[in-house]
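Contents: one structure, followed by commentary.
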Amino acid sequence: MAVSSEYKAFVLEVLEPLGDIRVRNMFGGAGVYYRDLMFGLIAGETLHFKADDLNKQSYEEEGMAPFLYEAPPKDGKPGRKIAMSYWELPDRLYDEPDALIDWAKEAIEAATRGKKAKPKRKAAPKKKTATKKKTAAKKK
């Protein structure tokens with residue numbers, strides 16, 4: 001599932017009109033980022049964009065499917081396939097640069113909505129270490 005440097009360069013080229021786009025390697029594939037927001041996924045030589053309830057229908061109407069991640073086997077049971085929220089782009093978009101950019105903008109909006117919907121985790125309270133406890137006991 002490795003991504004070639006040529007394909008990464010191609011993705012950067014087609015998304016150049018958006019501005020600040022980066023591709024970062026991850027887990028054998030690559031994430032596609034607008035600023036610091038991941039809105040795309042490259043698996044093999046296939047580009048997927050973030051989809052949610054507001055833009056998923058466009059992918060379904062084109063007969064596209066979500067990226068499937070195969071979880072590793074556990075407890076002797078085979079791994080199961082998990083559908084992610086990144087959907088493969090229709091091939092026709094590569095011949096329609098303006099439409100591809102529109103889909104990318106919708107993916108960025110979906111990623112933004114997803115980021116806002118996630119509750120922020122609170123940092124765990126700091127625990128006193130044994131050394132701090134000993135120091136505090138000596139002061140008494």
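Ordering of the structure tokens sets the chain letters (A, B, ...), residue numbers begin anew at 1 in every chain, and ligands are numbered from 1 in the order given.
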Inset, instruction - Name the residues in contact with Glu70 of chain A at a cut-off of 8 Å, using only C-alpha atoms, excluding same-chain residues fewer than 6 positions from it; report them as a PyMOL selection string. - result: chain A and resi 79-82
May I have the selected residues written with C-alpha atoms, as an mmCIF file, in the first residue's frame?
data_model
loop_
_atom_site.group_PDB
_atom_site.id
_atom_site.type_symbol
_atom_site.label_atom_id
_atom_site.label_comp_id
_atom_site.auth_asym_id
_atom_site.auth_seq_id
_atom_site.Cartn_x
_atom_site.Cartn_y
_atom_site.Cartn_z
ATOM 1 C CA GLY A 79 -9.322 -9.125 11.011
ATOM 2 C CA ARG A 80 -12.492 -7.294 10.120
ATOM 3 C CA LYS A 81 -12.914 -4.557 7.541
ATOM 4 C CA ILE A 82 -13.751 -1.124 8.868
#
Inset, instruction - Assign secondary structure with DSSP using the backbone only, and return the residues of segment 1-96 of chain A in strand (DSSP E) as a ChimeraX atom specification. - result: /A:21-26,29-34,37-43,46-50,66-70,81-88
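Taking atom CA of Gln57 of chain A as the reference point, atom CA of Leu41 of chain A is found at 18.6 Å.
Closest approach to Ala99 of chain A among A:Ser58, A:Glu45, A:Met26, A:Met38 is made by A:Ser58 (distances from only C-alpha atoms).
All residues in segment 72-125 of chain A with a DSSP state of helix (DSSP H, G or I), computed from the backbone, read A:Asp91, A:Arg92, A:Leu93, A:Tyr94, A:Asp95, A:Pro97, A:Asp98, A:Ala99, A:Leu100, A:Ile101, A:Asp102, A:Trp103, A:Ala104, A:Lys105, A:Glu106, A:Ala107, A:Ile108, A:Glu109, A:Ala110, A:Ala111, A:Thr112, A:Arg113, A:Gly114, A:Lys115, A:Lys116, A:Ala117.
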Inset, instruction - Would you kindly return, as a PyMOL selection string, each protein, DNA or RNA residue with an atom no farther than 10 Å from any atom of Gly28 of chain A, considering only C-alpha atoms and excluding same-chain residues fewer than 5 positions away? - result: chain A and resi 1-3+42-44
Inset, instruction - Between A:Ala117, A:Leu100, A:Val11, A:Leu18, single out the one closest to Leu47 of chain A, counting only C-alpha atoms. - result: A:Val11
When you look at Ala104 of chain A with a cut-off of 12 Å (counting only C-alpha atoms), what residues show up, excluding the ones that are within fewer than 3 positions of it in the same chain? I need them as a PDB file with C-alpha atoms, in the first residue's frame.
ATOM      1  CA  VAL A  11      -1.828  14.973  -5.950  1.00  0.00           C
ATOM      2  CA  VAL A  14      -3.925  18.844  -8.942  1.00  0.00           C
ATOM      3  CA  LEU A  15      -4.689  20.407  -5.545  1.00  0.00           C
ATOM      4  CA  GLU A  16      -2.326  23.366  -6.004  1.00  0.00           C
ATOM      5  CA  PRO A  17      -5.166  25.889  -6.532  1.00  0.00           C
ATOM      6  CA  LEU A  18      -6.193  25.356  -2.878  1.00  0.00           C
ATOM      7  CA  GLY A  19      -2.939  26.786  -1.573  1.00  0.00           C
ATOM      8  CA  ILE A  21      -1.493  21.573   0.745  1.00  0.00           C
ATOM      9  CA  VAL A  32      -3.426  14.970   2.509  1.00  0.00           C
ATOM     10  CA  TYR A  33      -3.576  18.141   4.578  1.00  0.00           C
ATOM     11  CA  TYR A  34      -4.911  21.637   4.044  1.00  0.00           C
ATOM     12  CA  MET A  38      -6.362  16.173   7.140  1.00  0.00           C
ATOM     13  CA  PHE A  39      -9.019  16.042   4.424  1.00  0.00           C
ATOM     14  CA  GLY A  40      -7.623  13.375   2.133  1.00  0.00           C
ATOM     15  CA  LEU A  41      -6.083   9.941   2.254  1.00  0.00           C
ATOM     16  CA  LEU A  47      -6.935   9.423  -3.610  1.00  0.00           C
ATOM     17  CA  HIS A  48      -9.810   9.532  -1.130  1.00  0.00           C
ATOM     18  CA  PHE A  49     -11.519  12.622   0.304  1.00  0.00           C
ATOM     19  CA  LYS A  50     -13.215  13.120   3.665  1.00  0.00           C
ATOM     20  CA  ALA A  51     -16.983  12.661   3.550  1.00  0.00           C
ATOM     21  CA  ASN A  55     -21.352  15.362   1.137  1.00  0.00           C
ATOM     22  CA  TYR A  86     -12.677   8.801   3.313  1.00  0.00           C
ATOM     23  CA  TRP A  87     -14.216   7.994  -0.068  1.00  0.00           C
ATOM     24  CA  GLU A  88     -12.507   7.247  -3.372  1.00  0.00           C
ATOM     25  CA  LEU A  89     -12.774   9.993  -5.982  1.00  0.00           C
ATOM     26  CA  LEU A  93     -12.692  14.375 -11.689  1.00  0.00           C
ATOM     27  CA  TYR A  94      -9.107  14.052 -12.877  1.00  0.00           C
ATOM     28  CA  PRO A  97      -9.891  20.185 -12.492  1.00  0.00           C
ATOM     29  CA  ASP A  98     -12.487  22.757 -11.363  1.00  0.00           C
ATOM     30  CA  ALA A  99     -14.872  20.023 -10.194  1.00  0.00           C
ATOM     31  CA  LEU A 100     -12.018  18.243  -8.406  1.00  0.00           C
ATOM     32  CA  ILE A 101     -11.216  21.432  -6.504  1.00  0.00           C
ATOM     33  CA  ALA A 107     -13.879  17.497   1.874  1.00  0.00           C
ATOM     34  CA  ILE A 108     -12.115  20.296   3.772  1.00  0.00           C
ATOM     35  CA  GLU A 109     -15.500  21.479   5.052  1.00  0.00           C
ATOM     36  CA  ALA A 110     -16.381  17.898   6.129  1.00  0.00           C
ATOM     37  CA  ALA A 111     -13.044  17.577   7.930  1.00  0.00           C
TER      38      ALA A 111
END
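The space between atom CA of Asp52 of chain A and atom CA of Gly114 of chain A spans 8.0 Å.
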